[in-house]
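Colleague: Next comes the structure file input.txt, holding compact mmCIF, C-alpha atoms and all ligand atoms.
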# COMPACT_ATOMS: atom_id res chain seq x y z
CA MET K 100 23.35 6.39 -0.09
CA ASN K 101 22.52 5.78 3.54
CA GLN K 102 23.88 8.30 6.02
CA GLY K 103 24.42 7.54 9.67
CA VAL K 104 22.35 9.55 12.13
CA ASN K 105 23.04 10.50 15.73
CA ALA K 106 19.57 9.99 17.20
CA SER K 107 19.97 12.61 19.91
CA ALA K 108 21.29 15.45 17.73
CA THR K 109 18.98 17.92 16.02
CA GLN K 110 19.14 17.72 12.23
CA ARG K 111 18.02 20.59 10.02
CA TRP K 112 16.79 20.80 6.45
CA TRP K 113 15.64 23.93 4.64
CA ALA K 114 13.19 23.85 1.74
CA GLN K 115 12.31 26.50 -0.81
CA TYR K 116 8.73 25.22 -0.81
CA ALA K 117 6.86 22.71 1.32
CA LEU K 118 3.30 21.41 1.29
CA LEU K 119 2.35 21.91 4.95
CA PRO K 120 -1.02 21.03 6.52
CA SER K 121 -1.85 24.76 6.34
CA GLY K 122 -0.95 25.00 2.64
CA LEU K 123 2.12 25.93 0.63
CA GLY K 124 4.96 27.14 2.88
CA ARG K 125 8.04 29.05 1.67
CA ASP K 126 11.55 29.03 3.07
CA VAL K 127 10.75 26.29 5.56
CA THR K 128 13.19 24.92 8.15
CA PHE K 129 12.58 21.37 9.38
CA GLU K 130 14.13 20.34 12.66
CA VAL K 131 14.32 16.63 13.39
CA SER K 132 15.38 14.78 16.50
CA GLY K 133 15.04 11.09 17.27
CA GLY K 134 13.56 10.50 13.83
CA ARG K 135 10.61 12.89 14.32
CA PHE K 136 9.91 16.49 13.40
CA THR K 137 10.44 18.77 16.39
CA ALA K 138 9.82 22.06 14.55
CA VAL K 139 8.55 23.09 11.10
CA THR K 140 9.05 26.82 10.56
CA PRO K 141 8.27 28.82 7.39
CA GLY K 142 9.90 32.17 6.58
CA THR K 143 13.43 31.23 7.63
CA VAL K 144 16.92 31.42 6.15
CA PRO K 145 18.92 28.25 5.47
CA GLY K 146 21.74 28.89 7.94
CA HIS K 147 23.61 25.61 8.36
CA ALA K 148 20.63 23.49 7.31
CA GLN K 149 20.84 21.12 4.35
CA VAL K 150 19.17 22.95 1.48
CA LEU K 151 16.50 21.12 -0.52
CA PRO K 152 15.73 22.91 -3.80
CA GLY K 153 12.21 22.30 -5.09
CA VAL K 154 9.16 21.33 -3.09
CA VAL K 155 9.08 19.10 -0.01
CA LEU K 156 6.14 16.77 0.64
CA PRO K 157 5.43 14.08 3.23
CA GLY K 158 6.75 10.66 2.25
CA PHE K 159 4.31 8.61 0.20
CA ALA K 160 2.43 5.63 1.65
CA ASN K 161 2.07 2.62 -0.61
CA ALA K 162 -0.81 0.91 1.14
CA HIS K 163 -0.99 -2.23 -1.00
CA SER K 164 1.91 -4.14 -2.52
CA HIS K 165 2.76 -7.66 -3.58
CA ALA K 166 6.53 -7.34 -4.04
CA PHE K 167 6.95 -10.51 -6.07
CA HIS K 168 4.39 -9.48 -8.70
CA ARG K 169 7.07 -7.01 -9.84
CA SER K 170 8.63 -9.80 -11.86
CA LEU K 171 5.50 -9.99 -14.04
CA ARG K 172 6.00 -6.43 -15.32
CA GLY K 173 5.63 -6.37 -19.10
CA ARG K 174 5.12 -10.15 -19.28
CA THR K 175 1.33 -10.54 -19.21
CA HIS K 176 0.21 -8.45 -22.16
CA ASP K 177 -0.01 -11.11 -24.84
CA GLY K 178 -2.68 -13.65 -25.64
CA GLY K 179 -5.68 -11.91 -24.08
CA GLY K 180 -7.29 -13.45 -21.06
CA THR K 181 -8.83 -12.22 -17.83
CA PHE K 182 -7.92 -11.50 -14.22
CA TRP K 183 -8.13 -15.24 -13.66
CA THR K 184 -5.69 -16.16 -16.45
CA TRP K 185 -3.32 -13.44 -15.18
CA ARG K 186 -3.55 -15.11 -11.77
CA ARG K 187 -2.30 -18.44 -13.17
CA ARG K 188 0.85 -16.69 -14.44
CA MET K 189 1.32 -15.01 -11.07
CA TYR K 190 1.06 -18.41 -9.37
CA ALA K 191 3.74 -19.75 -11.70
CA VAL K 192 6.13 -17.03 -10.47
CA ALA K 193 5.19 -17.73 -6.85
CA ALA K 194 6.00 -21.42 -7.34
CA GLN K 195 9.65 -20.61 -8.12
CA LEU K 196 10.48 -18.41 -5.13
CA ASP K 197 12.48 -19.37 -2.06
CA PRO K 198 13.59 -17.18 0.86
CA ASP K 199 16.76 -16.01 -0.94
CA SER K 200 15.06 -15.08 -4.20
CA TYR K 201 12.13 -13.52 -2.30
CA LEU K 202 14.63 -11.33 -0.44
CA ALA K 203 16.37 -10.32 -3.67
CA LEU K 204 13.08 -9.48 -5.36
CA ALA K 205 11.77 -7.56 -2.33
CA THR K 206 14.99 -5.58 -2.02
CA ALA K 207 14.86 -4.54 -5.68
CA THR K 208 11.15 -3.71 -5.58
CA TYR K 209 11.41 -1.71 -2.36
CA ALA K 210 14.49 0.12 -3.65
CA GLU K 211 12.41 1.21 -6.64
CA MET K 212 9.76 2.39 -4.17
CA ALA K 213 12.36 4.40 -2.22
CA LEU K 214 13.44 6.09 -5.46
CA ALA K 215 9.76 6.92 -6.10
CA GLY K 216 9.42 8.66 -2.72
CA ILE K 217 7.57 5.84 -0.96
CA THR K 218 8.68 5.75 2.68
CA VAL K 219 6.21 3.13 3.94
CA VAL K 220 4.97 0.04 2.14
CA GLY K 221 2.13 -2.24 3.19
CA GLU K 222 3.06 -5.69 1.96
CA PHE K 223 0.08 -8.03 1.56
CA HIS K 224 2.10 -11.17 2.16
CA TYR K 225 0.78 -14.67 1.57
CA LEU K 226 3.77 -16.58 0.20
CA HIS K 227 4.37 -18.26 3.54
CA HIS K 228 5.60 -21.80 3.08
CA ALA K 229 7.73 -23.97 0.82
CA PRO K 230 6.17 -25.50 -2.32
CA GLY K 231 3.58 -28.08 -1.38
CA GLY K 232 2.77 -26.19 1.80
CA VAL K 233 5.70 -27.59 3.80
CA ALA K 234 6.72 -25.20 6.57
CA TYR K 235 10.28 -23.89 6.51
CA ASP K 236 12.33 -24.44 9.68
CA ASP K 237 11.47 -20.85 10.56
CA PRO K 238 7.79 -20.67 9.55
CA ASN K 239 8.13 -16.90 9.16
CA VAL K 240 11.30 -16.93 7.06
CA MET K 241 9.50 -15.48 4.02
CA GLY K 242 8.09 -12.60 6.10
CA GLU K 243 11.55 -12.04 7.53
CA ALA K 244 12.87 -11.76 3.95
CA LEU K 245 10.45 -8.87 3.43
CA ARG K 246 11.60 -7.22 6.66
CA GLN K 247 15.20 -7.46 5.44
CA GLY K 248 14.27 -6.26 1.95
CA ALA K 249 12.65 -3.11 3.34
CA ALA K 250 15.62 -2.53 5.63
CA ASN K 251 18.01 -2.93 2.68
CA ALA K 252 16.03 -0.32 0.73
CA GLY K 253 15.76 2.02 3.74
CA ILE K 254 11.96 2.20 3.88
CA ARG K 255 9.42 1.19 6.52
CA LEU K 256 7.29 -1.92 6.18
CA THR K 257 3.89 -2.91 7.50
CA LEU K 258 3.84 -6.66 7.07
CA LEU K 259 0.20 -7.56 6.43
CA ASP K 260 0.54 -11.25 7.09
CA THR K 261 -2.27 -12.83 5.14
CA CYS K 262 -4.60 -15.64 6.08
CA TYR K 263 -5.30 -17.81 3.02
CA VAL K 264 -6.84 -21.19 3.71
CA ALA K 265 -9.23 -21.98 0.82
CA GLY K 266 -8.70 -22.22 -2.92
CA GLY K 267 -11.91 -20.60 -4.06
CA LEU K 268 -15.61 -20.08 -3.46
CA SER K 269 -18.72 -21.20 -5.29
CA ALA K 270 -22.34 -21.86 -4.43
CA ALA K 271 -21.18 -25.21 -3.05
CA GLY K 272 -18.84 -23.47 -0.59
CA HIS K 273 -15.07 -23.25 -0.36
CA SER K 274 -12.74 -25.53 -2.26
CA PRO K 275 -9.38 -26.72 -0.92
CA LEU K 276 -6.15 -24.99 -1.93
CA ASP K 277 -4.85 -26.28 -5.23
CA ARG K 278 -1.30 -27.48 -5.77
CA LEU K 279 0.14 -24.03 -6.47
CA GLN K 280 -1.81 -22.39 -3.64
CA LEU K 281 -0.68 -24.85 -0.95
CA ARG K 282 2.29 -22.70 0.06
CA PHE K 283 -0.05 -19.78 0.86
CA GLY K 284 -1.99 -21.69 3.51
CA ASP K 285 -1.78 -22.45 7.22
CA GLY K 286 -4.77 -24.84 7.20
CA HIS K 287 -6.98 -22.77 9.49
CA ALA K 288 -7.14 -19.20 10.78
CA ASP K 289 -6.21 -20.42 14.27
CA ARG K 290 -2.92 -21.84 12.99
CA TRP K 291 -2.34 -18.70 10.92
CA ALA K 292 -2.75 -16.65 14.12
CA GLN K 293 -0.27 -18.87 16.01
CA ARG K 294 2.35 -18.42 13.31
CA VAL K 295 1.86 -14.65 13.15
CA GLU K 296 2.42 -14.41 16.92
CA GLY K 297 6.04 -15.34 16.16
CA LEU K 298 6.59 -12.15 14.14
CA LYS K 299 8.11 -9.37 16.23
CA GLU K 300 7.83 -5.70 15.43
CA SER K 301 11.01 -3.66 15.03
CA ALA K 302 11.86 -0.02 14.41
CA GLY K 303 11.26 -0.37 10.70
CA MET K 304 8.44 -2.89 10.71
CA ARG K 305 4.90 -3.09 12.03
CA VAL K 306 2.94 -6.32 11.94
CA GLY K 307 -0.61 -6.22 10.65
CA ALA K 308 -3.09 -8.83 9.50
CA ALA K 309 -4.91 -9.60 6.30
CA VAL K 310 -7.61 -11.84 4.95
CA HIS K 311 -6.76 -12.62 1.36
CA SER K 312 -10.45 -12.36 0.39
CA VAL K 313 -13.74 -14.00 1.22
CA ARG K 314 -12.80 -16.48 -1.51
CA ALA K 315 -9.83 -17.64 0.54
CA VAL K 316 -11.18 -17.56 4.12
CA PRO K 317 -14.52 -19.13 5.09
CA ARG K 318 -17.05 -17.01 6.92
CA ASP K 319 -16.58 -18.71 10.30
CA GLN K 320 -12.85 -17.90 10.26
CA LEU K 321 -13.12 -14.19 9.38
CA ALA K 322 -13.74 -13.24 13.01
CA VAL K 323 -10.65 -15.20 14.09
CA VAL K 324 -8.45 -12.99 11.91
CA ALA K 325 -10.26 -9.81 12.96
CA ALA K 326 -9.75 -10.70 16.63
CA ALA K 327 -6.09 -11.56 16.10
CA ALA K 328 -5.52 -8.18 14.44
CA ALA K 329 -6.50 -6.65 17.79
CA GLY K 330 -6.68 -3.10 16.48
CA ARG K 331 -3.59 -3.38 14.27
CA PRO K 332 -4.04 -2.81 10.53
CA LEU K 333 -6.39 -5.38 9.00
CA HIS K 334 -6.57 -5.44 5.21
CA VAL K 335 -8.80 -7.51 2.89
CA HIS K 336 -9.19 -7.69 -0.89
CA VAL K 337 -12.87 -6.75 -1.23
CA SER K 338 -15.04 -7.13 -4.34
CA GLU K 339 -12.23 -6.77 -6.85
CA GLN K 340 -14.07 -8.81 -9.46
CA PRO K 341 -17.80 -9.41 -10.07
CA ALA K 342 -17.20 -13.18 -9.88
CA GLU K 343 -16.20 -12.83 -6.21
CA ASN K 344 -19.49 -11.11 -5.40
CA GLU K 345 -21.49 -13.68 -7.35
CA ALA K 346 -19.83 -16.60 -5.56
CA CYS K 347 -20.26 -14.93 -2.18
CA LEU K 348 -23.93 -14.24 -2.79
CA ALA K 349 -24.48 -17.80 -4.04
CA ALA K 350 -22.72 -19.36 -1.05
CA TYR K 351 -23.81 -17.04 1.75
CA GLY K 352 -26.60 -14.81 0.45
CA ASP K 353 -24.53 -11.75 1.29
CA THR K 354 -21.82 -9.57 -0.24
CA PRO K 355 -18.16 -9.68 0.86
CA SER K 356 -18.60 -6.36 2.72
CA GLY K 357 -21.74 -7.70 4.40
CA LEU K 358 -19.88 -10.82 5.50
CA LEU K 359 -17.00 -8.80 6.91
CA ALA K 360 -19.39 -6.48 8.75
CA ALA K 361 -21.15 -9.48 10.32
CA ALA K 362 -17.76 -10.85 11.41
CA GLY K 363 -17.06 -7.60 13.27
CA ALA K 364 -14.12 -6.77 11.01
CA LEU K 365 -15.19 -3.31 9.81
CA ALA K 366 -13.62 -0.62 12.01
CA GLN K 367 -11.09 2.17 11.71
CA ASN K 368 -8.18 -0.29 11.53
CA PHE K 369 -9.80 -1.98 8.50
CA THR K 370 -8.77 -1.35 4.91
CA ALA K 371 -10.80 -2.66 1.98
CA VAL K 372 -8.41 -3.13 -0.92
CA HIS K 373 -9.93 -2.35 -4.35
CA ALA K 374 -13.56 -2.00 -3.15
CA THR K 375 -14.51 -1.94 -6.84
CA HIS K 376 -17.86 -3.67 -7.27
CA LEU K 377 -19.90 -2.46 -4.30
CA THR K 378 -23.61 -2.20 -3.65
CA GLY K 379 -25.07 0.91 -2.06
CA ARG K 380 -25.31 -1.02 1.21
CA ASP K 381 -21.62 -2.01 0.96
CA VAL K 382 -20.65 1.65 0.55
CA GLY K 383 -22.69 2.52 3.63
CA LEU K 384 -21.13 -0.29 5.68
CA LEU K 385 -17.54 0.62 4.73
CA GLY K 386 -18.11 4.35 5.14
CA GLY K 387 -20.18 4.12 8.29
CA ALA K 388 -17.49 2.12 10.07
CA GLY K 389 -14.84 4.72 9.17
CA THR K 390 -12.76 2.19 7.23
CA CYS K 391 -10.12 3.01 4.68
CA CYS K 392 -10.51 1.94 1.05
CA CYS K 393 -7.27 1.40 -0.84
CA LEU K 394 -7.56 1.82 -4.58
CA CYS K 395 -4.84 0.61 -6.90
CA PRO K 396 -5.76 2.21 -10.22
CA THR K 397 -2.78 1.21 -12.37
CA THR K 398 -3.24 -2.45 -11.42
CA GLU K 399 -7.03 -2.27 -11.65
CA ARG K 400 -6.64 -0.95 -15.20
CA ASP K 401 -4.17 -3.66 -16.11
CA LEU K 402 -6.40 -6.43 -14.76
CA ALA K 403 -9.62 -4.98 -16.20
CA ASP K 404 -11.09 -4.88 -12.69
CA GLY K 405 -13.33 -1.87 -13.12
CA ILE K 406 -13.51 1.52 -11.40
CA GLY K 407 -14.46 1.72 -7.73
CA PRO K 408 -16.92 4.29 -6.32
CA ALA K 409 -14.26 6.39 -4.61
CA GLU K 410 -16.34 9.56 -4.41
CA ARG K 411 -19.30 7.76 -2.83
CA LEU K 412 -17.05 5.98 -0.34
CA LEU K 413 -15.50 9.27 0.73
CA ASP K 414 -18.93 10.87 1.06
CA ALA K 415 -20.09 7.92 3.19
CA GLY K 416 -17.22 8.43 5.65
CA ALA K 417 -14.43 6.20 4.37
CA ALA K 418 -10.85 7.38 3.97
CA LEU K 419 -8.99 6.68 0.73
CA ALA K 420 -5.50 5.28 0.29
CA LEU K 421 -3.46 4.17 -2.72
CA GLY K 422 -1.41 1.13 -3.60
CA SER K 423 0.90 0.00 -6.38
CA ASP K 424 -0.41 -3.57 -5.87
CA SER K 425 1.11 -5.61 -8.72
CA ASN K 426 4.02 -3.15 -9.02
CA ALA K 427 3.76 -3.07 -12.81
CA VAL K 428 3.94 0.69 -12.11
CA ILE K 429 5.57 2.15 -8.98
CA ASP K 430 4.48 5.77 -8.87
CA ILE K 431 2.08 6.93 -6.16
CA LEU K 432 1.49 10.27 -7.92
CA GLU K 433 0.27 8.32 -10.97
CA GLU K 434 -2.04 6.29 -8.71
CA ALA K 435 -3.36 9.52 -7.17
CA ARG K 436 -4.27 11.21 -10.43
CA ALA K 437 -5.57 7.94 -11.86
CA LEU K 438 -8.00 7.70 -8.95
CA GLU K 439 -9.58 10.89 -10.24
CA LEU K 440 -9.05 10.54 -13.98
CA ASP K 441 -10.44 7.01 -14.30
CA GLN K 442 -13.65 8.20 -12.65
CA ARG K 443 -13.85 11.11 -15.10
CA ARG K 444 -13.99 8.66 -18.00
CA ALA K 445 -16.60 6.55 -16.24
CA THR K 446 -18.85 9.40 -15.10
CA GLY K 447 -18.43 12.14 -17.70
CA ARG K 448 -17.67 14.58 -14.87
CA ARG K 449 -14.49 16.42 -13.88
CA VAL K 450 -12.94 17.11 -10.47
CA LEU K 451 -14.69 14.56 -8.29
CA HIS K 452 -11.78 14.93 -5.85
CA GLN K 453 -9.85 18.06 -5.00
CA PRO K 454 -6.07 17.73 -5.43
CA GLU K 455 -5.67 18.07 -1.64
CA GLU K 456 -7.85 14.96 -1.16
CA LEU K 457 -5.71 12.99 -3.60
CA LEU K 458 -2.56 14.11 -1.82
CA ARG K 459 -4.06 13.03 1.50
CA ALA K 460 -4.72 9.57 0.04
CA ALA K 461 -1.08 9.38 -1.05
CA THR K 462 0.24 10.42 2.34
CA VAL K 463 -1.48 10.67 5.72
CA SER K 464 -4.48 8.40 5.02
CA GLY K 465 -2.23 5.67 3.68
CA MET K 466 0.08 6.03 6.65
CA ARG K 467 -2.86 5.61 9.05
CA ALA K 468 -4.06 2.54 7.16
CA LEU K 469 -0.61 1.06 7.72
CA GLY K 470 -0.34 2.05 11.39
CA TRP K 471 2.30 4.80 11.19
CA ASP K 472 2.01 8.36 12.54
CA ALA K 473 3.51 9.92 9.46
CA GLY K 474 2.24 11.64 6.34
CA GLU K 475 2.16 15.28 7.47
CA LEU K 476 4.98 17.79 7.78
CA THR K 477 4.20 18.72 11.34
CA PRO K 478 5.96 18.46 14.74
CA GLY K 479 5.56 15.09 16.43
CA MET K 480 5.18 13.16 13.18
CA LEU K 481 7.82 10.75 11.92
CA ALA K 482 10.31 12.65 9.79
CA ASP K 483 9.52 11.00 6.45
CA PHE K 484 9.69 13.49 3.60
CA VAL K 485 10.49 13.70 -0.07
CA THR K 486 11.63 16.45 -2.39
CA LEU K 487 10.46 16.93 -5.97
CA ASN K 488 12.74 18.97 -8.12
CA SER K 489 13.33 18.95 -11.85
CA ALA K 490 13.18 21.21 -14.87
CA ASN K 491 9.52 20.24 -14.92
CA LEU K 492 8.96 22.22 -11.73
CA ALA K 493 10.98 25.35 -12.51
CA GLY K 494 8.90 28.49 -12.26
CA ARG K 495 5.69 26.62 -11.44
CA THR K 496 3.23 27.29 -8.66
CA LEU K 497 4.01 24.28 -6.53
CA ASP K 498 0.55 23.65 -5.15
CA PRO K 499 -1.08 20.22 -4.74
CA ALA K 500 -2.75 20.49 -8.16
CA TYR K 501 0.59 20.87 -9.96
CA VAL K 502 2.22 18.15 -7.87
CA ILE K 503 -0.58 15.64 -8.52
CA TYR K 504 -1.15 16.38 -12.21
CA GLY K 505 2.30 17.57 -13.27
CA CYS K 506 4.75 15.34 -11.40
CA SER K 507 5.79 11.71 -11.32
CA ALA K 508 8.12 9.41 -9.44
CA SER K 509 10.94 10.53 -11.73
CA ASP K 510 10.76 14.05 -10.23
CA VAL K 511 11.73 12.73 -6.77
CA THR K 512 15.25 13.89 -5.92
CA ASN K 513 15.59 13.39 -2.18
CA VAL K 514 13.99 10.98 0.27
CA VAL K 515 14.35 11.03 4.04
CA VAL K 516 12.95 8.27 6.27
CA GLY K 517 12.92 8.99 9.99
CA GLY K 518 15.61 11.61 9.60
CA LYS K 519 17.83 9.33 7.52
CA THR K 520 18.55 10.22 3.89
CA VAL K 521 17.92 7.16 1.72
CA VAL K 522 17.82 8.83 -1.71
CA SER K 523 19.83 11.83 -2.82
CA ARG K 524 20.25 12.64 -6.49
ZN ZN K 601 -3.59 -7.35 -3.94
Would you mind writing the structure in this file as structure tokens?

Modeller:
Amino acid sequence: MNQGVNASATQRWWAQYALLPSGLGRDVTFEVSGGRFTAVTPGTVPGHAQVLPGVVLPGFANAHSHAFHRSLRGRTHDGGGTFWTWRRRMYAVAAQLDPDSYLALATATYAEMALAGITVVGEFHYLHHAPGGVAYDDPNVMGEALRQGAANAGIRLTLLDTCYVAGGLSAAGHSPLDRLQLRFGDGHADRWAQRVEGLKESAGMRVGAAVHSVRAVPRDQLAVVAAAAAGRPLHVHVSEQPAENEACLAAYGDTPSGLLAAAGALAQNFTAVHATHLTGRDVGLLGGAGTCCCLCPTTERDLADGIGPAERLLDAGAALALGSDSNAVIDILEEARALELDQRRATGRRVLHQPEELLRAATVSGMRALGWDAGELTPGMLADFVTLNSANLAGRTLDPAYVIYGCSASDVTNVVVGGKTVVSR
């Protein structure tokens, strides 16, 4: 489905409807050159432009993914258990992967994302080494498999290379990696940083950093990762489960957010993934630093994580983004409405977030969290856009409310990444 593009030529698309920063536009011509929008003009005729029936939106940002968890879809719903028993099954999958199978799995998962209108994925990548923790000849071969997988699928990747050096946390401190976790680890944050220096950015890939969690990186090494990120995206799983908070308080007398603040990690390049079980002080720290909080509602439901305080985080100054995380579901519109609807059940209130806020989480806020200037249909931005069109949309008022609450990944008919059509159906 890929089409070649002459980078210097101007390409034109024409949309019946488009969700522009100023609101719903009609009869909109998009001009694209060098992979970016050069003009976005409502009230036009199609002329020779490629016509896109339906409504055009910015491409979706999937700010938190573990591609290989995709293989657990539909396989963890028997026998009861908890987040922690789910994690043992996830480790069993991780134990079987090598660079070739990781590439195959990433390609398939990212292709499903492309079909769902996701044009950028943030991959929280910690499957670094061979079983037993032995480095491959190329110590970044698994990250390179993700780069190739995203290229195969035609979407952009922010590789959030993840520091993971400890097996767990208790009042007694951090425990070593266990047998199945050994391949996640570099031994120390300094050696993690040396390995990550070997990863080069390319047109389709940015390199960012991640701390798996305060369970997996001791306090004195958090600042090493934050410094190595050097303003690039820095993502951390934060307070996903109450047990993480309890262990952190027992070991350090502080919450995960407090620890990260003390390490100098909280800034505008920081994204707290999940941010579910937060104290009032945590909300203030994350919001006050202008961080992004990435919620992953379909995964958080599946793993019985809880419901994060999204409204309070937004009020405190944080941005919100969305992730498909375990990839049991790949549908950013479902994540967006779930962000709102799960809170309705928990609070007994309706409309905590306007549809425009949810759309922003699915697009421009997620793009910023991943380091891309995309997510708005406006000149200068990367030309990533998707079209929704189906019988479901016929005759509807195609405003953000209908898109968020009435549409799903299956309504995506056309996807363009940097001026290149990657899905057309
Ligand atoms: Zn995750």

Colleague: How many Å separate CA of Asp289 in chain K from CA of Val323 in chain K?

Modeller: 6.9 Å

Colleague: Report, in Å with one decimal, the straight-line distance from CA of Glu399 in chain K to CA of Trp185 in chain K.

Modeller: 12.3 Å

Colleague: Given a cut-off of 9 Å, what residues near ligand ZN 601 (chain K) show up using only C-alpha atoms and all ligand atoms, put as a PDB file with C-alpha atoms, in the coordinates of the input?

Modeller:
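Just written: result_17.pdb:
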ATOM      1  CA  HIS K 163      -0.990  -2.230  -1.000  1.00  0.00           C
ATOM      2  CA  SER K 164       1.910  -4.140  -2.520  1.00  0.00           C
ATOM      3  CA  HIS K 165       2.760  -7.660  -3.580  1.00  0.00           C
ATOM      4  CA  PHE K 223       0.080  -8.030   1.560  1.00  0.00           C
ATOM      5  CA  HIS K 311      -6.760 -12.620   1.360  1.00  0.00           C
ATOM      6  CA  VAL K 335      -8.800  -7.510   2.890  1.00  0.00           C
ATOM      7  CA  HIS K 336      -9.190  -7.690  -0.890  1.00  0.00           C
ATOM      8  CA  VAL K 372      -8.410  -3.130  -0.920  1.00  0.00           C
ATOM      9  CA  HIS K 373      -9.930  -2.350  -4.350  1.00  0.00           C
ATOM     10  CA  CYS K 395      -4.840   0.610  -6.900  1.00  0.00           C
ATOM     11  CA  THR K 398      -3.240  -2.450 -11.420  1.00  0.00           C
ATOM     12  CA  GLY K 422      -1.410   1.130  -3.600  1.00  0.00           C
ATOM     13  CA  SER K 423       0.900   0.000  -6.380  1.00  0.00           C
ATOM     14  CA  ASP K 424      -0.410  -3.570  -5.870  1.00  0.00           C
ATOM     15  CA  SER K 425       1.110  -5.610  -8.720  1.00  0.00           C
TER      16      SER K 425
END

Colleague: Which residues are close to range 473-480 of chain K, i.e. within 8 Å by all atoms listed in the file, leaving aside same-chain residues fewer than 5 positions away? Reply as a list in words.

Modeller: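 Answer for this query is Leu118, Leu119, Pro120, Arg135, Phe136, Thr137, Ala138, Val139, Leu156, Pro157, Gly158, Phe159, Ala160, Thr462, Val463, Ser464, Gly465, Met466 and Arg467 of chain K.
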
Colleague: At a cut-off of 8 Å, using all atoms listed in the file, what residues contact range 259-274 of chain K? Leave out same-chain residues fewer than 3 positions from it and give the result as a ChimeraX atom specification.

Modeller: /K:221-225,242,277,280,283-288,291,295,306-317,324,332-334,343,346-351

Colleague: Could you tell me how far CA of Ala366 in chain K sits from CA of Gly386 in chain K, in Å to one decimal place?

Modeller: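 We find that CA of Gly386 in chain K and CA of Ala366 in chain K lie 9.6 Å from each other.
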
Colleague: Skip Thr109 in chain K itself and residues of its chain fewer than 4 positions away, then list as a VMD selection string all residues within 9 Å of it, counting only C-alpha atoms.

Modeller: chain K and resid 105 130 to 133 137

Colleague: Restricting it to C-alpha atoms, dump the selection as a short mmCIF file (atom, residue, chain, number, x, y, z; two decimals), in the frame of the given file.

Modeller:
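Resulting contents of part-v3.cif:
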data_model
loop_
_atom_site.label_atom_id
_atom_site.label_comp_id
_atom_site.auth_asym_id
_atom_site.auth_seq_id
_atom_site.Cartn_x
_atom_site.Cartn_y
_atom_site.Cartn_z
CA ASN K 105 23.04 10.50 15.73
CA GLU K 130 14.13 20.34 12.66
CA VAL K 131 14.32 16.63 13.39
CA SER K 132 15.38 14.78 16.50
CA GLY K 133 15.04 11.09 17.27
CA THR K 137 10.44 18.77 16.39
#

Colleague: Using only C-alpha atoms, find all polymer residues with an atom at most 12 Å away from the point (3.7, -16.5, -11.1); report them as a PyMOL selection string.

Modeller: chain K and resi 165-172+174-175+184-196+226+279-280+425
